[in-house]
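J.: One structure coming up, written as structure tokens, with questions to follow.
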Amino acid sequence: MGFSKYLIHWYSNNKRDLPWRQTKAPYYIWLSEIILQQTQVKQGLPYYESFTEKFPTVFDLSKADESDVLKLWQGLGYYSRARNLHATAKHIVKELKGEFPNNYKDLLKLKGVGDYTASAIASICFNEVAAVVDGNVYRVLSRYFGINTPINSSKGAKEFKALAQELIDKKKPAEFNQAIMEFGATHCTPQKPDCNTCPFNKSCIAFNKNKINELPVKIKSAKAKKKYFNFLVFISGDGKTILEKREGKGIWQNLYQFPLIETNTNVDVNTLKKLVKEHDLIKGMSFQLSLYNKDVVVHKLSHQHLYTKFWVVNVNKLLVNGISTQDIHNYAVPILIGNFIETFNF
DNA sequence: AACCCGGGGTC
DNA sequence: GACCCAGGGTT
């Protein structure tokens, strides 16, 4: 049996029982694929459950406010996925009468749907012969065929896409695509793949040349930049605090946070006191300042390391409309803020 | 082509 | 702390 045929055979015996494998409805497949971008099944599963429960159809999702979608997405990261998900739901209801595009080319036009996701939906829902290339596929193919081309180069993207498209079972594209991804996720894993029990170990080039740990080849990414965040946790005499919506282009767009003072380095209480004194939310008011976390909280993102201090600012009254501290759980916040809210007793 | 966008995990 | 994982969008 050839590589592709055997993969499908392996899949039929080894696939995990996952909720999105019970359906071919484009809405559910689309939803699961967006959630699973850059995300492992274990982390995405509870979000899939809550989204399908709260928004059983694309019409329900299209009617929601973006803030509710972001709140449900809270903690999953890469929040542009949630904003695009919501925008695309609106688009499908308004412009496409609630019907998803039924082919790769048209699926690709949807916001938040790139080559991988368009191929996944087209093959799973509509049996189109469109090969998926996700991180699992890169790993399985680079090892089995001993390919050294960096997977995160444009040359690599073309090369692996073409190879996958050549290998895909033309009669069972959905099964092949899911089989190769499942095999990568559960057997041909990034670290410590189980080569001894691997059904392909006779012909796998990486295994036979002892190169399992060198493949796939990846170009190193730039080192993360350090940033210094000082969040002002206002507490007023009448039990209110301040949350602000993050605008603009950077991280956590449209999520909420405490008023932020970014500095070039870690600052002590006296330095921060001067900055708070000049702050628009204080304007000469008297205040009491204390550092909540003795040790700086380091929050690591792919491209930034955030050295974070939470400063409690006690004031008599707020200069702006604050929120009652008991309502703080209604706002979508980054996990960094969410963890603080959990440990701080409002 | 280079860079941005979260959060979770291992060693 | 250093390193690994992983799609789409923007510049």
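To be explicit about the labels: the chains of the structure tokens are called A, B, and onward in the order shown, and within each one the residues are counted from 1, while ligands get numbers from 1 in the order they are shown.
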Contacts between chain C and chain A, please, where a residue of chain A counts if it comes within 10 Å (with only C-alpha atoms (C1' of nucleotides)); show its shortest atom pair and distance in Å to one decimal, rows by chain and ascending number, as JSON lines.

T.:
```
{"residue": "A:Ile34", "atom": "CA", "partner": "C:DG7", "partner_atom": "C1'", "distance": 8.9}
{"residue": "A:Leu36", "atom": "CA", "partner": "C:DG7", "partner_atom": "C1'", "distance": 9.3}
{"residue": "A:Gln37", "atom": "CA", "partner": "C:DG7", "partner_atom": "C1'", "distance": 5.6}
{"residue": "A:Gln38", "atom": "CA", "partner": "C:DA6", "partner_atom": "C1'", "distance": 4.0}
{"residue": "A:Thr39", "atom": "CA", "partner": "C:DA6", "partner_atom": "C1'", "distance": 6.8}
{"residue": "A:Gln40", "atom": "CA", "partner": "C:DA6", "partner_atom": "C1'", "distance": 8.8}
{"residue": "A:Ser80", "atom": "CA", "partner": "C:DG8", "partner_atom": "C1'", "distance": 9.1}
{"residue": "A:Arg81", "atom": "CA", "partner": "C:DG8", "partner_atom": "C1'", "distance": 8.6}
{"residue": "A:Lys111", "atom": "CA", "partner": "C:DG8", "partner_atom": "C1'", "distance": 9.0}
{"residue": "A:Gly112", "atom": "CA", "partner": "C:DG8", "partner_atom": "C1'", "distance": 6.1}
{"residue": "A:Val113", "atom": "CA", "partner": "C:DG8", "partner_atom": "C1'", "distance": 7.2}
{"residue": "A:Gly114", "atom": "CA", "partner": "C:DG8", "partner_atom": "C1'", "distance": 6.0}
{"residue": "A:Asp115", "atom": "CA", "partner": "C:DG7", "partner_atom": "C1'", "distance": 8.6}
{"residue": "A:Tyr116", "atom": "CA", "partner": "C:DG7", "partner_atom": "C1'", "distance": 7.2}
{"residue": "A:Thr117", "atom": "CA", "partner": "C:DG7", "partner_atom": "C1'", "distance": 8.2}
{"residue": "A:Val133", "atom": "CA", "partner": "C:DG7", "partner_atom": "C1'", "distance": 9.9}
{"residue": "A:Asp134", "atom": "CA", "partner": "C:DG7", "partner_atom": "C1'", "distance": 7.8}
{"residue": "A:Gly135", "atom": "CA", "partner": "C:DA6", "partner_atom": "C1'", "distance": 6.2}
{"residue": "A:Asn136", "atom": "CA", "partner": "C:DA6", "partner_atom": "C1'", "distance": 9.2}
{"residue": "A:Pro190", "atom": "CA", "partner": "C:DC5", "partner_atom": "C1'", "distance": 8.1}
{"residue": "A:Gln191", "atom": "CA", "partner": "C:DC4", "partner_atom": "C1'", "distance": 8.9}
```

J.: Report the residues of region 73-248 of chain A whose backbone DSSP state falls under alpha helix (DSSP H), written as an MDAnalysis selection string.

T.: chainID A and resid 73 80:95 104:107 115:126 135:144 154:167 173:186 205:208

J.: Those residues you just picked out, can you put them in a file as an mmCIF file, in the first residue's frame with C-alpha atoms?

T.:
```
data_model
loop_
_atom_site.group_PDB
_atom_site.id
_atom_site.type_symbol
_atom_site.label_atom_id
_atom_site.label_comp_id
_atom_site.auth_asym_id
_atom_site.auth_seq_id
_atom_site.Cartn_x
_atom_site.Cartn_y
_atom_site.Cartn_z
ATOM 1 C CA TRP A 73 -12.756 34.269 22.675
ATOM 2 C CA SER A 80 -7.893 39.115 14.966
ATOM 3 C CA ARG A 81 -9.290 35.617 14.424
ATOM 4 C CA ALA A 82 -12.332 36.530 16.521
ATOM 5 C CA ARG A 83 -12.802 39.913 14.845
ATOM 6 C CA ASN A 84 -12.516 38.332 11.382
ATOM 7 C CA LEU A 85 -14.811 35.473 12.402
ATOM 8 C CA HIS A 86 -17.507 37.932 13.367
ATOM 9 C CA ALA A 87 -17.030 40.116 10.261
ATOM 10 C CA THR A 88 -17.191 37.062 8.011
ATOM 11 C CA ALA A 89 -20.375 35.814 9.684
ATOM 12 C CA LYS A 90 -21.985 39.193 8.973
ATOM 13 C CA HIS A 91 -20.731 39.082 5.381
ATOM 14 C CA ILE A 92 -22.107 35.588 4.787
ATOM 15 C CA VAL A 93 -25.515 36.492 6.142
ATOM 16 C CA LYS A 94 -25.796 39.872 4.437
ATOM 17 C CA GLU A 95 -24.142 39.247 1.091
ATOM 18 C CA TYR A 104 -11.554 26.750 -2.483
ATOM 19 C CA LYS A 105 -11.292 29.832 -4.683
ATOM 20 C CA ASP A 106 -14.325 31.576 -3.206
ATOM 21 C CA LEU A 107 -13.621 30.451 0.361
ATOM 22 C CA ASP A 115 -4.760 28.829 1.937
ATOM 23 C CA TYR A 116 -4.897 26.278 4.738
ATOM 24 C CA THR A 117 -8.430 27.030 5.941
ATOM 25 C CA ALA A 118 -9.901 27.331 2.440
ATOM 26 C CA SER A 119 -8.410 23.929 1.568
ATOM 27 C CA ALA A 120 -9.682 22.365 4.778
ATOM 28 C CA ILE A 121 -13.265 23.570 4.312
ATOM 29 C CA ALA A 122 -13.320 22.817 0.570
ATOM 30 C CA SER A 123 -12.110 19.267 1.070
ATOM 31 C CA ILE A 124 -14.033 18.369 4.225
ATOM 32 C CA CYS A 125 -17.353 19.941 3.265
ATOM 33 C CA PHE A 126 -17.335 19.743 -0.535
ATOM 34 C CA GLY A 135 2.370 22.615 10.699
ATOM 35 C CA ASN A 136 1.666 18.897 10.966
ATOM 36 C CA VAL A 137 1.833 18.403 7.210
ATOM 37 C CA TYR A 138 5.143 20.291 7.023
ATOM 38 C CA ARG A 139 6.584 18.059 9.711
ATOM 39 C CA VAL A 140 5.340 14.720 8.328
ATOM 40 C CA LEU A 141 6.377 15.444 4.744
ATOM 41 C CA SER A 142 9.751 16.976 5.566
ATOM 42 C CA ARG A 143 10.637 13.929 7.652
ATOM 43 C CA TYR A 144 9.208 11.201 5.472
ATOM 44 C CA SER A 154 8.195 31.157 0.311
ATOM 45 C CA LYS A 155 10.091 28.447 -1.544
ATOM 46 C CA GLY A 156 9.178 25.946 1.154
ATOM 47 C CA ALA A 157 5.519 26.948 1.106
ATOM 48 C CA LYS A 158 5.320 26.311 -2.649
ATOM 49 C CA GLU A 159 7.306 23.099 -2.519
ATOM 50 C CA PHE A 160 5.307 21.479 0.281
ATOM 51 C CA LYS A 161 1.983 22.623 -1.140
ATOM 52 C CA ALA A 162 2.840 21.050 -4.488
ATOM 53 C CA LEU A 163 3.957 17.808 -2.844
ATOM 54 C CA ALA A 164 0.808 17.580 -0.731
ATOM 55 C CA GLN A 165 -1.338 18.287 -3.770
ATOM 56 C CA GLU A 166 0.452 15.467 -5.587
ATOM 57 C CA LEU A 167 -0.031 13.015 -2.721
ATOM 58 C CA PRO A 173 -9.457 14.325 -0.238
ATOM 59 C CA ALA A 174 -11.205 14.927 3.097
ATOM 60 C CA GLU A 175 -9.895 11.701 4.601
ATOM 61 C CA PHE A 176 -6.358 12.241 3.325
ATOM 62 C CA ASN A 177 -6.141 15.812 4.628
ATOM 63 C CA GLN A 178 -7.392 14.885 8.072
ATOM 64 C CA ALA A 179 -5.293 11.730 8.154
ATOM 65 C CA ILE A 180 -1.971 13.454 7.546
ATOM 66 C CA MET A 181 -2.731 16.186 10.088
ATOM 67 C CA GLU A 182 -3.900 13.676 12.698
ATOM 68 C CA PHE A 183 -0.799 11.577 12.123
ATOM 69 C CA GLY A 184 1.409 14.617 12.677
ATOM 70 C CA ALA A 185 -0.514 15.724 15.742
ATOM 71 C CA THR A 186 -0.597 12.382 17.548
ATOM 72 C CA ILE A 205 14.079 9.163 5.178
ATOM 73 C CA ALA A 206 14.558 11.195 8.334
ATOM 74 C CA PHE A 207 14.305 8.086 10.510
ATOM 75 C CA ASN A 208 16.678 6.050 8.386
#
```

J.: Give as a PyMOL selection string every residue of chain B that touches chain A within 8 Å, counting only C-alpha atoms (C1' of nucleotides).

T.: chain B and resi 4-7

J.: Any chance you could export the current selection's all heavy atoms as a PDB file, in the first residue's frame?

T.:
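New file out.pdb:
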```
ATOM      1  P    DC B   4       7.970  43.277  14.455  1.00  0.00           P
ATOM      2  OP1  DC B   4       8.333  44.573  15.029  1.00  0.00           O
ATOM      3  OP2  DC B   4       8.604  42.026  14.926  1.00  0.00           O
ATOM      4  O5'  DC B   4       6.385  43.091  14.605  1.00  0.00           O
ATOM      5  C5'  DC B   4       5.503  44.056  14.027  1.00  0.00           C
ATOM      6  C4'  DC B   4       4.115  43.466  13.962  1.00  0.00           C
ATOM      7  O4'  DC B   4       4.113  42.349  13.060  1.00  0.00           O
ATOM      8  C3'  DC B   4       3.609  42.934  15.312  1.00  0.00           C
ATOM      9  O3'  DC B   4       2.443  43.644  15.658  1.00  0.00           O
ATOM     10  C2'  DC B   4       3.303  41.464  15.066  1.00  0.00           C
ATOM     11  C1'  DC B   4       3.190  41.392  13.543  1.00  0.00           C
ATOM     12  N1   DC B   4       3.558  40.074  12.985  1.00  0.00           N
ATOM     13  C2   DC B   4       2.568  39.328  12.333  1.00  0.00           C
ATOM     14  O2   DC B   4       1.421  39.771  12.263  1.00  0.00           O
ATOM     15  N3   DC B   4       2.909  38.115  11.814  1.00  0.00           N
ATOM     16  C4   DC B   4       4.150  37.668  11.916  1.00  0.00           C
ATOM     17  N4   DC B   4       4.421  36.478  11.384  1.00  0.00           N
ATOM     18  C5   DC B   4       5.168  38.418  12.574  1.00  0.00           C
ATOM     19  C6   DC B   4       4.837  39.610  13.087  1.00  0.00           C
ATOM     20  P    DC B   5       1.950  43.606  17.191  1.00  0.00           P
ATOM     21  OP1  DC B   5       1.149  44.826  17.392  1.00  0.00           O
ATOM     22  OP2  DC B   5       3.074  43.301  18.097  1.00  0.00           O
ATOM     23  O5'  DC B   5       0.966  42.351  17.215  1.00  0.00           O
ATOM     24  C5'  DC B   5      -0.278  42.455  16.542  1.00  0.00           C
ATOM     25  C4'  DC B   5      -0.938  41.109  16.506  1.00  0.00           C
ATOM     26  O4'  DC B   5      -0.176  40.219  15.672  1.00  0.00           O
ATOM     27  C3'  DC B   5      -1.011  40.422  17.889  1.00  0.00           C
ATOM     28  O3'  DC B   5      -2.345  40.126  18.207  1.00  0.00           O
ATOM     29  C2'  DC B   5      -0.224  39.135  17.698  1.00  0.00           C
ATOM     30  C1'  DC B   5      -0.329  38.921  16.205  1.00  0.00           C
ATOM     31  N1   DC B   5       0.724  38.041  15.676  1.00  0.00           N
ATOM     32  C2   DC B   5       0.377  37.050  14.757  1.00  0.00           C
ATOM     33  O2   DC B   5      -0.800  36.948  14.408  1.00  0.00           O
ATOM     34  N3   DC B   5       1.351  36.222  14.294  1.00  0.00           N
ATOM     35  C4   DC B   5       2.613  36.363  14.715  1.00  0.00           C
ATOM     36  N4   DC B   5       3.513  35.531  14.230  1.00  0.00           N
ATOM     37  C5   DC B   5       2.975  37.378  15.651  1.00  0.00           C
ATOM     38  C6   DC B   5       2.013  38.188  16.104  1.00  0.00           C
ATOM     39  P    DG B   6      -2.696  39.915  19.750  1.00  0.00           P
ATOM     40  OP1  DG B   6      -3.942  39.199  20.063  1.00  0.00           O
ATOM     41  OP2  DG B   6      -2.525  41.274  20.258  1.00  0.00           O
ATOM     42  O5'  DG B   6      -1.483  39.135  20.137  1.00  0.00           O
ATOM     43  C5'  DG B   6      -1.109  38.040  20.838  1.00  0.00           C
ATOM     44  C4'  DG B   6      -2.137  37.250  21.598  1.00  0.00           C
ATOM     45  O4'  DG B   6      -2.057  35.904  21.140  1.00  0.00           O
ATOM     46  C3'  DG B   6      -1.883  37.188  23.086  1.00  0.00           C
ATOM     47  O3'  DG B   6      -3.079  36.796  23.718  1.00  0.00           O
ATOM     48  C2'  DG B   6      -0.825  36.103  23.161  1.00  0.00           C
ATOM     49  C1'  DG B   6      -1.316  35.127  22.105  1.00  0.00           C
ATOM     50  N9   DG B   6      -0.259  34.436  21.373  1.00  0.00           N
ATOM     51  C8   DG B   6       0.996  34.872  21.076  1.00  0.00           C
ATOM     52  N7   DG B   6       1.700  34.007  20.392  1.00  0.00           N
ATOM     53  C5   DG B   6       0.836  32.941  20.225  1.00  0.00           C
ATOM     54  C6   DG B   6       1.018  31.709  19.577  1.00  0.00           C
ATOM     55  O6   DG B   6       2.028  31.299  18.995  1.00  0.00           O
ATOM     56  N1   DG B   6      -0.104  30.893  19.658  1.00  0.00           N
ATOM     57  C2   DG B   6      -1.274  31.255  20.272  1.00  0.00           C
ATOM     58  N2   DG B   6      -2.252  30.358  20.248  1.00  0.00           N
ATOM     59  N3   DG B   6      -1.473  32.399  20.884  1.00  0.00           N
ATOM     60  C4   DG B   6      -0.378  33.189  20.828  1.00  0.00           C
ATOM     61  P    DG B   7      -3.091  36.580  25.357  1.00  0.00           P
ATOM     62  OP1  DG B   7      -4.457  36.795  25.811  1.00  0.00           O
ATOM     63  OP2  DG B   7      -1.966  37.352  25.885  1.00  0.00           O
ATOM     64  O5'  DG B   7      -2.747  35.036  25.575  1.00  0.00           O
ATOM     65  C5'  DG B   7      -3.653  34.070  25.088  1.00  0.00           C
ATOM     66  C4'  DG B   7      -2.970  32.720  25.108  1.00  0.00           C
ATOM     67  O4'  DG B   7      -1.814  32.747  24.256  1.00  0.00           O
ATOM     68  C3'  DG B   7      -2.459  32.289  26.491  1.00  0.00           C
ATOM     69  O3'  DG B   7      -3.202  31.153  26.867  1.00  0.00           O
ATOM     70  C2'  DG B   7      -0.987  31.961  26.269  1.00  0.00           C
ATOM     71  C1'  DG B   7      -0.910  31.796  24.761  1.00  0.00           C
ATOM     72  N9   DG B   7       0.418  32.031  24.200  1.00  0.00           N
ATOM     73  C8   DG B   7       1.187  33.162  24.332  1.00  0.00           C
ATOM     74  N7   DG B   7       2.329  33.071  23.697  1.00  0.00           N
ATOM     75  C5   DG B   7       2.301  31.811  23.121  1.00  0.00           C
ATOM     76  C6   DG B   7       3.261  31.146  22.323  1.00  0.00           C
ATOM     77  O6   DG B   7       4.359  31.567  21.952  1.00  0.00           O
ATOM     78  N1   DG B   7       2.837  29.881  21.943  1.00  0.00           N
ATOM     79  C2   DG B   7       1.631  29.331  22.301  1.00  0.00           C
ATOM     80  N2   DG B   7       1.381  28.099  21.858  1.00  0.00           N
ATOM     81  N3   DG B   7       0.718  29.931  23.049  1.00  0.00           N
ATOM     82  C4   DG B   7       1.124  31.165  23.421  1.00  0.00           C
TER      83       DG B   7
END
```

J.: Calculate how many Å separate CA of Lys220 (chain A) from CA of Pro150 (chain A), rounding to one decimal.

T.: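 Distance reported for this atom pair: 9.9 Å.
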
J.: Can you pull out the residues contacting Lys54 (chain A)? Cut-off 12 Å, using only C-alpha atoms (C1' of nucleotides), and skip same-chain residues under 3 positions away; I want them as an NGL selection string.

T.: :A and (47-51 or 57-64 or 68-69 or 71-73)

J.: Using only C-alpha atoms, which of the listed residues (A:Ser290, A:Asn266, A:Gln22, A:Asn102) sits closest to Lys227 (chain A)?

T.: A:Asn266

J.: Going by DSSP on the backbone, which residues of region 241-277 of chain A come out as strand (DSSP E or B)? List them as a ChimeraX atom specification.

T.: /A:241,244-245,256-257,260-263

J.: What does the distance between CA of Ala131 (chain A) and CA of Glu99 (chain A) come to in Å, to one decimal place?

T.: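 Rounded to one decimal, the two atoms are 23.0 Å apart.
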
J.: Distance CA of Ser203 (chain A)-CA of Val217 (chain A), one decimal place?

T.: 19.7 Å
